[in-house]
Amino acid sequence: MALLALVPLLIFAAFAAKRLSDGTRENAIRAMKETANVTASIVDRELQGALSAVLVLSRSPLLLDEKFEQFYDQALSSASGANGWVILYSPDGRQWLNTRLPYGAPLLVRPSPEELQHIISASEIHISGMVWSPALKKHVIFIDVPVKTRSGKSYVLSQAVYSDHFGLAFKERDIPASWVVGIFDKNGITIGRSVNGDEFVGKRANPDTLAAIRSPSDSMLKHTIRGNIHVYDVITHSDLSGWGVAVGVPVDEIDRQVREAGYIATGGLLLAVIAALIGAGVVGRRLASSIENAATAAEMLGKSEALPTMRPSGTHEIDNLQEAIVSAARKLKDAEARNIELLESERTARQVAEIENKRKDEFLAMLGHELRNPLSAITSAISLLRLRVGDDPAVRRPADVIHRQSEHLRSLLNDLLELSRVIYGKVQLELQPTDLGALVTASIQNMMDTARLSRHTFSFSTESVFVNIDRTRMEQIFSNLIDNAVKYTDEGGSIRVSVTIQDDLAVLRVADKGVGIGPDLLPYVFDIFVQGDNTLARTKGGMGIGLSLIHKLVSLHGGTVSVQSEGAGKGSVFEVRLPLLVSDAFAPARNVLEPESPLQGCKVLLVEDQDDLREMGHILLTELGLDMRSAANGREALALAAAHQPAVAIIDIGLPDMSGYELAAALRSAPQTASMRLIALSGYGLAEDKARAAAAGFDLHLTKPLSLDDLTQYLASLSA
């Protein structure tokens with residue numbers, strides 16, 4: 001036990017010793033960085049002082065008016081003592097005045113005249129590096145400011161400073177004698193050095209130091225500097241001039257401190273280990289038995305078994321441990337009991353939720369079925385009435401109103417049930433490569449044929465754009481967008497549709513000049529049950545689910561839908577963006593609809609147990625020229641099919657004597673009716689309902705109320 005207790009102690013102690021050694025080295029490096037930063041700050045302070053003086057002089061009215069003799073006296077009083085003086089240069093490097101010399105005395109050309117043109121063109125202050133002055137036999141630093149006089153002439157006003165002026169940075173801070181501090185210009189030329197400065201000033205730094213100076217970030221090196229000194233070197237930069245400041249400390253000095261810290265930590269560790277071994281030897285035997293008993297109890301506790309009798313050990317700490325184990329055993333049993341209760345409660349709640357969810361789905365499906373039956377009868381009856389009333393306005397107008405409102409009710413019902421299926425993940429897309437432009441063109445042509453767009457000024461333009469979509473769902477998306485534009489655009493207003501390619505995406509755009517969308521409503525238009533017209537009049541109608549359905553169906557296709565509007569009364573623009581399907585295998589589809597073939601004389605069997613719906617459907621389809629037979633149940637349908645052998649049978653799924661699926665199977669099994677085309681007609685329109693109809697042998701699945709457009713297109717395709 002003693003050895004096991006010492007192992008983590010040894011590991012921790014070794015880690016602590018390592019941390020102590022690292023901390024000692026880090027403290028030394030931190031002190032070096034602090035010295036480097038302070039030195040750089042002193043250099044910046046001196047440069048800033050000289051720069052401030054030059055900037056003030058550069059704005060002098062005497063200088064701007066080119067009154068150089070009067071300006072000379074002003075500059076002479078502003079020069080930085082014995083270490084600095086002011087010079088005015090023309091762009092070619094000639095001096096116009098120099099406060100080191102009397103005004104009018106012969107003056108020299110600047111040692112580096114090529115810098116002046118760059119300073120003037122850049123219109124920026126400039127701090128030079130080390131410049132050797134042959135006349136002064138010394139290194140000089142120039143702080144340059146471009147000046148433009150009122151007459152338009154350009155000059156450079158400079159504060160010249162001896163390089164050894166910056167040696168005061170070594171005097172203002174108590175730098176250890178063994179440390180080497182150096183100041184370098186951007187080219188690595190030594191400006192000042194705390195050790196052997198006379199020997200190294202004006203010379204270039206070694207390659208390692210030069211690379212660190214030219215680097216934009218601060219760095220630390222371990223290398224050999226000039227003078228053959230092996231050092232840790234910290235290099236920082238002056239913020240104002242970009243010069244480098246290097247602080248080097250001999251490696252032996254820092255490593256010696258690290259070794260001393262390690263010796264102290266190791267000695268303390270050894271003393272701790274010896275003391276621990278002695279203590280463990282004294283008390284180990286006495287505690288071994290009690291700890292073994294506690295370990296056995298703890299093992300049984302982990303297995304949720306009954307604990308053995310815990311006898312007092314005579315050791316306060318072990319007795320406390322035993323009591324804690326017994327208490328933990330009781331709490332563990334209580335927790336297990338509570339967990340069982342919670343698990344059972346959660347299971348019951350989940351079952352209840354699943355039952356309620358199933359009931360909700362069943363209710364929505366039943367609601368759709370029960371609403372579609374009477375709506376189908378109404379739709380068929382009014383369609384028949386419209387065929388028979390002719391041009392009598394007294395009857396035609398009410399018939400049109402009832403037809404239009406029944407279609408609106410049918411659309412609302414479909415949207416409500418469709419949105420429920422999308423929300424609960426009941427929609428399965430049947431994706432196929434499709435020309436979006438051709439699909440939209442065909443949909444528009446159908447809308448024009450049915451006078452759906454006759455009350456508005458409508459225009460469109462489409463490109464051949466291939467995408468991977470569910471054609472039925474995309475037609476539904478486009479139809480809802482058009483319905484929305486028609487609903488919120490006054491009669492005679494313009495609606496424009498386009499299909500284009502933008503940013504490698506297919507873009508379907510529907511723009512209108514309608515009522516527009518206010519900024520307070522714009523962020524929420526795709527939320528369910530959100531409407532723009534919430535007044536009591538409800539002049540626009542609807543339930544606020546069409547745009548929400550569009551948003552969710554577009555998302556299922558991997559696309560996005562957005563809306564833009566400049567505000568109320570300024571119209572709106574809806575854009576659907578879908579990923580392109582890039583393939584040379586798909587040729588552009590022709591935007592031409594094949595003419596429908598005549599339906600005259602086509603034999604059709606209608607099987608429907610609802611009397612009104614069967615009667616209206618029979619009469620309506622007869623008016624279309626079809627040769628109709630009707631049956632109220634499955635047995636009657638089998639007899640009529642065998643006797644008349646119709647080409648198509650429209651079968652309601654919910655029949656009294658047998659289901660529509662069973663009737664379809666029976667028709668498929670009889671030789672004389674096996675080739676008959678079967679259409680399922682149901683109030684249920686989920687994907688699984690359509691799949692079940694296909695599995696039973698149906699060729700087409702339609703939902704109530706029966707869509708004459710869908711039926712006539714299908715029959716026309718058969719005739720063709």
# chains A, B, ... in the order shown; residues from 1 in each chain; ligands from 1

call {"tool": "select_by_dssp", "arguments": {"residues": "stretch 97-266 of chain A", "states": "strand (DSSP E)", "output": "ChimeraX atom specification"}}
result
/A:97-98,126-127,131-133,138-148,154-162,180-184,190-193,219-225,229-237,244-250

call {"tool": "residues_around", "arguments": {"residues": "A:Gly248", "least_positions_apart": "4", "cutoff": "6 Å", "atoms": "only C-alpha atoms", "output": "count of residues only"}}
result
5

call {"tool": "residues_around", "arguments": {"residues": "stretch 54-71 of chain A", "least_positions_apart": "2", "cutoff": "12 Å", "atoms": "only C-alpha atoms", "output": "ChimeraX atom specification"}}
result
/A:47-52,73-80,84-89,95-99,102-105,124-127,142-160

call {"tool": "atom_distance", "arguments": {"atom1": "atom CA of A:Gly202", "atom2": "atom CA of A:His139"}}
result
7.4 Å

call {"tool": "atom_distance", "arguments": {"atom1": "atom CA of A:Leu678", "atom2": "atom CA of A:Asp699"}}
result
5.4 Å

call {"tool": "closest_residue", "arguments": {"among": "A:Lys704, A:Lys331, A:Arg471, A:Arg30", "to": "A:Val234", "atoms": "only C-alpha atoms"}}
result
A:Arg30

call {"tool": "closest_residue", "arguments": {"among": "A:Ala17, A:Leu101, A:Ile291, A:Ala205", "to": "A:Gln322", "atoms": "only C-alpha atoms"}}
result
A:Ile291

call {"tool": "residues_around", "arguments": {"residues": "A:Ala511", "least_positions_apart": "3", "cutoff": "8 Å", "atoms": "only C-alpha atoms", "output": "ChimeraX atom specification"}}
result
/A:485,495-497,571-574

call {"tool": "residues_around", "arguments": {"residues": "A:Gly93", "least_positions_apart": "3", "cutoff": "7 Å", "atoms": "only C-alpha atoms", "output": "list in words"}}
result
Tyr89, Ser90, Val109, Arg110, Pro113 and Leu116 of chain A

call {"tool": "closest_residue", "arguments": {"among": "A:Leu20, A:Ala329, A:Val486, A:Leu321", "to": "A:Glu260", "atoms": "only C-alpha atoms"}}
result
A:Leu20

call {"tool": "closest_residue", "arguments": {"among": "A:Ile517, A:Leu332, A:Leu702, A:Val467", "to": "A:Ile650", "atoms": "only C-alpha atoms"}}
result
A:Leu702

call {"tool": "closest_residue", "arguments": {"among": "A:Leu718, A:Leu605, A:Ser194, A:Gln428", "to": "A:Glu688", "atoms": "only C-alpha atoms"}}
result
A:Gln428

call {"tool": "atom_distance", "arguments": {"atom1": "atom CA of A:Pro250", "atom2": "atom CA of A:Arg226"}}
result
12.5 Å

call {"tool": "closest_residue", "arguments": {"among": "A:Met448, A:Ala665, A:Ser548, A:Ala568", "to": "A:Leu521", "atoms": "only C-alpha atoms"}}
result
A:Ala568

call {"tool": "residues_around", "arguments": {"residues": "A:Ile235", "least_positions_apart": "2", "cutoff": "9 Å", "atoms": "only C-alpha atoms", "output": "list in words"}}
result
Lys33, Ala36, Thr209, Ala212, Ile213, Ser217, Asp218, Ser219, Met220, Leu221, Asp233, His237, Gly244, Val245, Ala246, Val247 and Gly248 of chain A

call {"tool": "select_by_dssp", "arguments": {"residues": "stretch 550-657 of chain A", "states": "helix (DSSP H, G or I)", "output": "ChimeraX atom specification"}}
result
/A:550-556,611-623,634-644

call {"tool": "write_last_selection", "arguments": {"atoms": "N, CA and C atoms", "output": "CSV table (one decimal), in the first residue's frame"}}
result
chain,number,residue,atom,x,y,z
A,550,ILE,N,-44.5,25.3,-49.2
A,550,ILE,CA,-43.5,25.5,-50.2
A,550,ILE,C,-42.1,25.4,-49.6
A,551,HIS,N,-41.9,26.1,-48.5
A,551,HIS,CA,-40.6,26.1,-47.8
A,551,HIS,C,-40.1,24.7,-47.5
A,552,LYS,N,-41.0,23.9,-46.9
A,552,LYS,CA,-40.6,22.5,-46.5
A,552,LYS,C,-40.4,21.6,-47.7
A,553,LEU,N,-41.2,21.7,-48.8
A,553,LEU,CA,-41.0,20.9,-49.9
A,553,LEU,C,-39.7,21.2,-50.7
A,554,VAL,N,-39.4,22.5,-50.7
A,554,VAL,CA,-38.1,23.0,-51.4
A,554,VAL,C,-36.9,22.4,-50.6
A,555,SER,N,-37.0,22.5,-49.2
A,555,SER,CA,-35.9,22.0,-48.4
A,555,SER,C,-35.7,20.5,-48.6
A,556,LEU,N,-36.8,19.7,-48.8
A,556,LEU,CA,-36.7,18.3,-49.0
A,556,LEU,C,-35.9,18.1,-50.3
A,611,ASP,N,-73.9,7.2,-52.9
A,611,ASP,CA,-74.9,7.4,-54.0
A,611,ASP,C,-74.7,8.7,-54.7
A,612,ASP,N,-74.6,9.8,-54.0
A,612,ASP,CA,-74.6,11.1,-54.6
A,612,ASP,C,-73.3,11.2,-55.5
A,613,LEU,N,-72.2,10.8,-54.9
A,613,LEU,CA,-70.9,10.8,-55.7
A,613,LEU,C,-71.0,10.0,-56.9
A,614,ARG,N,-71.5,8.8,-56.8
A,614,ARG,CA,-71.6,7.8,-57.9
A,614,ARG,C,-72.5,8.4,-59.0
A,615,GLU,N,-73.6,9.0,-58.6
A,615,GLU,CA,-74.6,9.5,-59.6
A,615,GLU,C,-74.0,10.7,-60.3
A,616,MET,N,-73.4,11.7,-59.6
A,616,MET,CA,-72.8,12.9,-60.2
A,616,MET,C,-71.6,12.5,-61.1
A,617,GLY,N,-70.8,11.6,-60.6
A,617,GLY,CA,-69.6,11.2,-61.4
A,617,GLY,C,-70.0,10.5,-62.6
A,618,HIS,N,-71.1,9.7,-62.6
A,618,HIS,CA,-71.5,9.0,-63.8
A,618,HIS,C,-72.0,9.9,-64.8
A,619,ILE,N,-72.9,10.9,-64.4
A,619,ILE,CA,-73.5,11.8,-65.3
A,619,ILE,C,-72.4,12.8,-65.9
A,620,LEU,N,-71.5,13.2,-65.0
A,620,LEU,CA,-70.4,14.1,-65.5
A,620,LEU,C,-69.5,13.5,-66.5
A,621,LEU,N,-69.1,12.2,-66.3
A,621,LEU,CA,-68.2,11.6,-67.2
A,621,LEU,C,-68.9,11.2,-68.5
A,622,THR,N,-70.2,11.0,-68.4
A,622,THR,CA,-71.0,10.7,-69.6
A,622,THR,C,-71.0,12.0,-70.5
A,623,GLU,N,-71.2,13.1,-69.8
A,623,GLU,CA,-71.2,14.4,-70.6
A,623,GLU,C,-69.9,14.6,-71.3
A,634,GLY,N,-68.4,-4.2,-54.8
A,634,GLY,CA,-67.5,-5.0,-55.5
A,634,GLY,C,-68.1,-6.1,-56.4
A,635,ARG,N,-69.1,-6.8,-55.8
A,635,ARG,CA,-69.8,-7.9,-56.6
A,635,ARG,C,-70.4,-7.3,-57.9
A,636,GLU,N,-71.1,-6.2,-57.7
A,636,GLU,CA,-71.7,-5.6,-58.9
A,636,GLU,C,-70.7,-5.2,-59.9
A,637,ALA,N,-69.5,-4.7,-59.4
A,637,ALA,CA,-68.5,-4.2,-60.3
A,637,ALA,C,-67.9,-5.4,-61.1
A,638,LEU,N,-67.7,-6.6,-60.5
A,638,LEU,CA,-67.2,-7.7,-61.1
A,638,LEU,C,-68.1,-8.2,-62.2
A,639,ALA,N,-69.4,-8.1,-62.0
A,639,ALA,CA,-70.4,-8.6,-63.0
A,639,ALA,C,-70.4,-7.6,-64.2
A,640,LEU,N,-70.4,-6.3,-63.9
A,640,LEU,CA,-70.4,-5.4,-65.0
A,640,LEU,C,-69.1,-5.4,-65.8
A,641,ALA,N,-68.0,-5.6,-65.1
A,641,ALA,CA,-66.7,-5.7,-65.9
A,641,ALA,C,-66.6,-6.9,-66.8
A,642,ALA,N,-67.2,-8.1,-66.3
A,642,ALA,CA,-67.2,-9.3,-67.1
A,642,ALA,C,-68.1,-9.1,-68.3
A,643,ALA,N,-69.2,-8.4,-68.1
A,643,ALA,CA,-70.2,-8.3,-69.2
A,643,ALA,C,-69.8,-7.3,-70.2
A,644,HIS,N,-69.3,-6.1,-69.8
A,644,HIS,CA,-69.0,-5.0,-70.8
A,644,HIS,C,-67.5,-4.9,-71.1
